[in-house]
Each structure stands twice: as C-alpha cells, then as structure tokens.
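The next block is run-v5.txt, given as compact mmCIF, C-alpha atoms.
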# COMPACT_ATOMS: atom_id res chain seq x y z
CA MET P 1 93.93 119.47 106.06
CA ASP P 2 96.83 121.65 104.93
CA LEU P 3 96.99 121.99 101.14
CA ARG P 4 100.77 122.43 101.43
CA GLU P 5 101.28 118.93 102.86
CA TYR P 6 103.53 116.75 100.74
CA LEU P 7 101.96 113.72 99.08
CA VAL P 8 103.54 110.42 100.06
CA ARG P 9 103.10 106.78 99.10
CA GLY P 10 99.63 105.70 100.19
CA ALA P 11 97.93 109.08 99.70
CA THR P 12 94.25 108.61 98.89
CA LEU P 13 93.15 109.76 95.44
CA ILE P 14 89.76 110.20 93.82
CA CYS P 15 88.78 110.85 90.22
CA MET P 16 85.78 113.11 89.69
CA ASN P 17 84.48 110.53 87.17
CA GLY P 18 85.31 107.39 89.16
CA SER P 19 83.23 105.48 91.71
CA HIS P 20 86.03 104.38 94.07
CA LYS P 21 88.96 105.85 96.00
CA ARG P 22 92.46 104.49 95.42
CA LYS P 23 95.87 104.80 97.07
CA VAL P 24 98.81 106.12 95.06
CA ASN P 25 101.62 103.58 94.80
CA LEU P 26 105.38 104.16 94.77
CA PRO P 27 107.07 100.89 93.77
CA LYS P 28 110.56 102.27 94.49
CA CYS P 29 111.12 105.20 96.82
CA HIS P 30 113.77 107.87 96.25
CA GLY P 31 115.10 107.92 99.80
CA ILE P 32 113.31 111.19 100.67
CA TYR P 33 110.72 111.00 103.46
CA ALA P 34 108.07 113.08 105.21
CA GLY P 35 108.29 111.49 108.63
CA VAL P 36 108.34 107.79 107.79
CA HIS P 37 106.61 107.94 104.40
CA PRO P 38 108.43 108.31 101.05
CA LEU P 39 107.66 111.47 99.06
CA LEU P 40 106.28 111.47 95.52
CA HIS P 41 107.44 113.63 92.61
CA GLY P 42 105.78 114.92 89.45
CA LEU P 43 106.63 111.93 87.24
CA GLU P 44 104.90 109.44 89.55
CA CYS P 45 101.86 109.07 87.29
CA LEU P 46 102.27 105.71 85.54
CA THR P 47 98.99 103.86 85.15
CA GLU P 48 98.29 100.16 85.46
CA SER P 49 97.61 99.84 81.72
CA MET P 50 101.09 101.28 80.96
CA CYS P 51 103.27 99.05 83.13
CA GLY P 52 101.20 96.57 85.12
CA ARG P 53 99.87 96.67 88.67
CA GLU P 54 103.20 96.00 90.42
CA LYS P 55 105.04 98.93 88.80
CA CYS P 56 102.29 101.51 88.43
CA ASN P 57 101.47 104.57 90.53
CA ILE P 58 97.81 104.93 89.57
CA THR P 59 95.28 102.08 89.37
CA HIS P 60 91.67 102.24 88.18
CA PHE P 61 89.00 104.18 90.09
CA GLY P 62 86.23 101.60 89.79
CA VAL P 63 83.56 102.54 87.24
CA CYS P 64 84.01 105.58 84.98
CA CYS P 65 80.94 107.85 84.85
CA PRO P 66 81.99 111.01 82.97
CA VAL P 67 79.87 114.11 83.42
CA GLU P 68 80.66 115.04 79.82
CA GLY P 69 82.05 112.94 76.98
CA SER P 70 82.38 109.20 76.68
CA PRO P 71 83.79 106.66 79.13
CA PRO P 72 86.77 104.53 78.09
CA PRO P 73 86.01 101.70 75.62
CA THR P 74 86.38 99.04 78.30
CA GLU P 75 84.34 96.10 79.55
CA THR P 76 81.16 96.67 81.55
CA ILE P 77 81.80 95.64 85.13
CA THR P 78 80.04 95.67 88.49
CA TYR P 79 81.88 96.69 91.67
CA THR P 80 80.75 96.70 95.28
CA LYS P 81 80.99 100.00 97.10
CA THR P 82 81.57 100.20 100.84
CA LYS P 83 81.74 103.26 103.08
CA GLU P 84 85.51 102.83 103.15
CA ASN P 85 86.29 102.35 99.44
CA SER P 86 83.63 104.42 97.67
CA LYS P 87 84.37 107.99 96.66
CA ASP P 88 81.18 109.34 98.22
CA GLY P 89 80.92 107.06 101.27
CA THR P 90 77.86 105.18 99.96
CA LYS P 91 77.32 101.42 99.89
CA GLY P 92 75.92 99.26 97.12
CA LYS P 93 76.72 98.04 93.64
CA VAL P 94 77.82 100.18 90.73
CA THR P 95 77.84 99.00 87.11
CA GLY P 96 79.42 100.65 84.10
CA CYS P 97 82.56 100.90 82.01
CA LYS P 98 85.67 99.92 83.95
CA CYS P 99 87.85 102.94 84.64
CA GLU P 100 91.15 102.79 82.76
CA PRO P 101 92.82 106.16 83.24
CA ILE P 102 95.01 107.61 80.53
CA ILE P 103 96.94 110.46 82.11
CA ILE P 104 97.56 113.58 80.02
CA GLY P 105 101.06 114.83 80.78
CA THR P 106 102.29 114.59 84.37
CA TRP P 107 101.14 115.91 87.76
CA GLN P 108 99.87 119.48 87.56
CA ASN P 109 100.67 122.15 90.15
CA PRO P 110 103.66 120.40 91.77
CA TYR P 111 105.80 122.20 94.35
CA PHE P 112 108.79 123.51 92.39
CA TYR P 113 110.97 124.52 95.36
CA THR P 114 111.39 121.07 96.90
CA ARG P 115 113.02 118.70 94.42
CA ILE P 116 113.71 114.97 94.30
CA VAL P 117 116.46 113.63 92.05
CA ASP P 118 114.92 110.74 90.15
CA ASN P 119 118.26 108.91 89.67
CA GLY P 120 117.31 107.97 86.15
CA ASP P 121 114.30 105.77 86.91
CA LYS P 122 111.84 108.02 85.06
CA ASN P 123 114.13 110.82 83.88
CA PRO P 124 117.63 109.72 82.72
CA GLU P 125 118.82 113.35 82.61
CA ASP P 126 118.41 113.69 86.39
CA ARG P 127 121.24 111.23 86.99
CA GLN P 128 123.56 113.03 84.57
CA HIS P 129 122.93 116.48 86.06
CA THR P 130 123.62 115.54 89.67
CA ALA P 131 127.37 115.46 88.99
CA VAL P 132 127.56 118.93 87.43
CA ILE P 133 126.28 122.40 88.20
CA TYR P 134 122.94 122.72 86.46
CA LYS P 135 122.55 126.29 85.18
CA ASP P 136 118.98 125.98 83.83
CA GLY P 137 117.41 125.59 87.28
CA PRO P 138 117.40 123.16 90.15
CA VAL P 139 118.10 119.50 89.57
CA GLY P 140 115.37 116.95 90.18
CA GLN P 141 111.64 116.65 89.91
CA SER P 142 109.15 118.84 91.76
CA THR P 143 107.46 117.23 94.76
CA LEU P 144 103.70 116.86 95.06
CA THR P 145 101.36 118.47 97.56
CA MET P 146 97.64 118.39 98.32
CA ASN P 147 97.34 121.09 95.61
CA SER P 148 98.63 118.75 92.88
CA PHE P 149 96.32 116.91 90.47
CA LEU P 150 96.24 114.75 87.33
CA VAL P 151 94.06 115.03 84.21
CA CYS P 152 92.62 111.94 82.52
CA LYS P 153 91.93 111.72 78.79
CA TYR P 154 88.31 110.81 79.60
CA GLY P 155 87.66 114.11 81.38
CA GLY P 156 88.41 113.14 84.96
CA ILE P 157 90.42 115.25 87.37
CA ILE P 158 92.35 113.01 89.80
CA SER P 159 93.10 114.71 93.09
CA PRO P 160 94.21 113.76 96.61
CA VAL P 161 91.79 113.64 99.54
CA ASP P 162 94.58 112.99 102.06
CA SER P 163 98.36 113.28 101.95
CA GLY P 164 99.04 109.74 103.19
CA GLN P 165 101.34 111.07 105.92
CA TYR P 166 99.09 109.91 108.76
CA ASN P 167 98.58 106.35 107.53
CA GLY P 168 100.21 103.40 109.28
CA ILE P 169 103.50 102.00 107.98
CA SER P 170 104.68 98.54 107.04
CA GLU P 171 107.90 97.06 105.75
CA ASN P 172 106.51 97.21 102.19
CA ASP P 173 106.55 101.02 102.40
CA PHE P 174 110.36 101.11 102.47
CA TYR P 175 113.07 100.56 99.90
CA SER P 176 114.75 97.96 102.10
CA THR P 177 114.18 96.08 105.35
CA GLU P 178 117.17 97.93 106.79
CA ASP P 179 115.50 101.33 106.18
CA TYR P 180 112.26 100.09 107.74
CA LEU P 181 114.02 98.81 110.88
CA LYS P 182 115.92 102.10 111.28
CA VAL P 183 112.64 104.03 111.34
CA ILE P 184 110.99 101.61 113.77
CA GLN P 185 114.01 101.69 116.11
CA THR P 186 114.17 105.50 116.00
CA GLN P 187 110.48 105.76 116.85
CA SER P 188 110.91 103.31 119.74
CA ARG P 189 113.88 105.22 121.20
CA ASN P 190 112.09 108.56 120.90
CA GLY P 191 108.91 107.23 122.47
CA ALA P 192 106.92 108.09 119.35
CA PRO P 193 103.80 106.01 118.75
CA ILE P 194 104.34 103.27 116.20
CA ASN P 195 101.37 102.98 113.90
CA TYR P 196 101.37 99.57 112.19
CA LYS P 197 99.01 98.64 109.36
Written as structure tokens, that's how I'd like the structure from this file.
Amino acid sequence: MDLREYLVRGATLICMNGSHKRKVNLPKCHGIYAGVHPLLHGLECLTESMCGREKCNITHFGVCCPVEGSPPPTETITYTKTKENSKDGTKGKVTGCKCEPIIIGTWQNPYFYTRIVDNGDKNPEDRQHTAVIYKDGPVGQSTLTMNSFLVCKYGGIISPVDSGQYNGISENDFYSTEDYLKVIQTQSRNGAPINYK
C-alpha cells in the first residue's frame, strides 16, 4: 500500500474507537478521477447526523468503545461482526453505545499540491475564484491520500485502510450514466479488465 495513493469514493475507513469498517461516500463527484474512481477533497467529511445517509460522506462505525473518555450519548445497540465488516476481522456480536461521529474540523494532512475546485457545493468561494487569478494560493480544495485522517469529538481517529482505487465500479459511482458508459467503453476498447461490483 502506497501512502501517497489518492483516496476515492469507496475507500475503506476505520475509527480507532469503532467496531466496524465503513466506506467513504461521495454523493456528487467533482469530475476528477483516479482511473475510474472519483477523487475526494478535504471538505468531504459530512456525517450522517449532519445531513442524512444519502448526502453524507461518513456513516457510523458500529459501536463506539473509546480507549479514553466517554462514548457518545446514544442508544445501546448490538451489531453483528463478520470477517468482512469488522475492524479487526473477528466474528460475533458487539454491544455498546452506537457510534455517532462528530468530526472536529476537516480532513487532516491532505495533499496540498493537487487541488479540486468544489464548484460551490461545500465552499462557495471556490466557484467565485475560478474566474479570476487567485493571488493567495491555488484555487480549490486539497485532495486526500492514505496519509489523511479525521478526528472525532469522542477521541477516535478515523483513517483509511485502503484507497478505494482497486474496488469494482458501478453506475452509482459516477455523476451521470453518460460518464459511466464512457469509462466502460474506454476500458473495453483498451482491453482493460472491467471489474463490476
């Protein structure tokens, strides 16, 4: 695993305090891809409790078991762990306070030199600055790599375990059906293996 790999939609995340792995979501891509997967930028850290499951980037990580401090004041819940979905690869049941991450700030340690213009979705100033020369630095948001991480109010560090670049693709991973079909047709013409979900 190369720590310089860009994070894309579908990258697997773990929280040091959570029981389960989760995939990072990108409800609307920015038209910038690593291969066939849309890249993420530093503002892609909205949680389910902030905007709902359909629009969020980060969902819960199962049960919250902080090493220090208190878990979130949420309901007590029991989840089933499988080798595939558990953080540590163990099976069984886990009971405790439901994880409800509250992210402090935005992604830490993003890659400053590759930028994605947000087009106003999360940063309205990005859209305004694309039409003029921006003298305070490059326009856009820093991209994310395997070195990037998030900090939760309840003491958890949320970090990637894979970049998501080697996962299969589906039409839902693209901004439009047209973009999806272009990628599939290009792969077919080039003889590249098509990895469907």
In terms of all atoms listed in the file, the residue from P:Ile77, P:Val94, P:Cys64, P:Leu150 at minimal distance from Cys45 of chain P is P:Leu150
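Minimum distance to Thr80 of chain P across P:Leu46, P:Val63, P:Met146, P:Cys97 (counting only C-alpha atoms) occurs at P:Val63.
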>> With distances taken over all atoms listed in the file, which residue among P:Cys152, P:Ile32, P:Leu144, P:Met16 lies nearest Arg4 of chain P?
In response: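 Checking each of P:Cys152, P:Ile32, P:Leu144, P:Met16 against Arg4 of chain P, counting all atoms listed in the file, the winner is P:Leu144.
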request  = Return the single residue from P:Thr59, P:Pro27, P:Val36, P:Tyr6 that is closest to Phe112 of chain P, with distances computed using only C-alpha atoms.
outcome  =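 The shortest atom-to-atom distance to Phe112 of chain P comes from P:Tyr6.
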| said: For a test of reading the model, state the distance in Å between atom CA of Ile103 of chain P and atom CA of Lys153 of chain P, rounded to one decimal. | reply: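 Atom CA of Ile103 of chain P sits 6.1 Å away from atom CA of Lys153 of chain P.
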Nearest-residue call for Lys93 of chain P, choices P:Gly105, P:Gly52, P:Pro72, P:Gly62, using only C-alpha atoms: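 Answer, going by the shortest atom-to-atom distance: P:Gly62.
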Report task. Can you work out which one of P:Asn85, P:Asn147, P:Thr74, P:Asn57 has the shortest atom-to-atom distance to Leu43 of chain P, counting only C-alpha atoms? Result ->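 Nearest candidate to Leu43 of chain P out of P:Asn85, P:Asn147, P:Thr74, P:Asn57: P:Asn57.
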re atom CA of Asp162 of chain P and atom CA of Phe149 of chain P: distance 12.4 Å
Computed gap from atom CA of Lys122 of chain P to atom CA of Gly164 of chain P is 22.3 Å
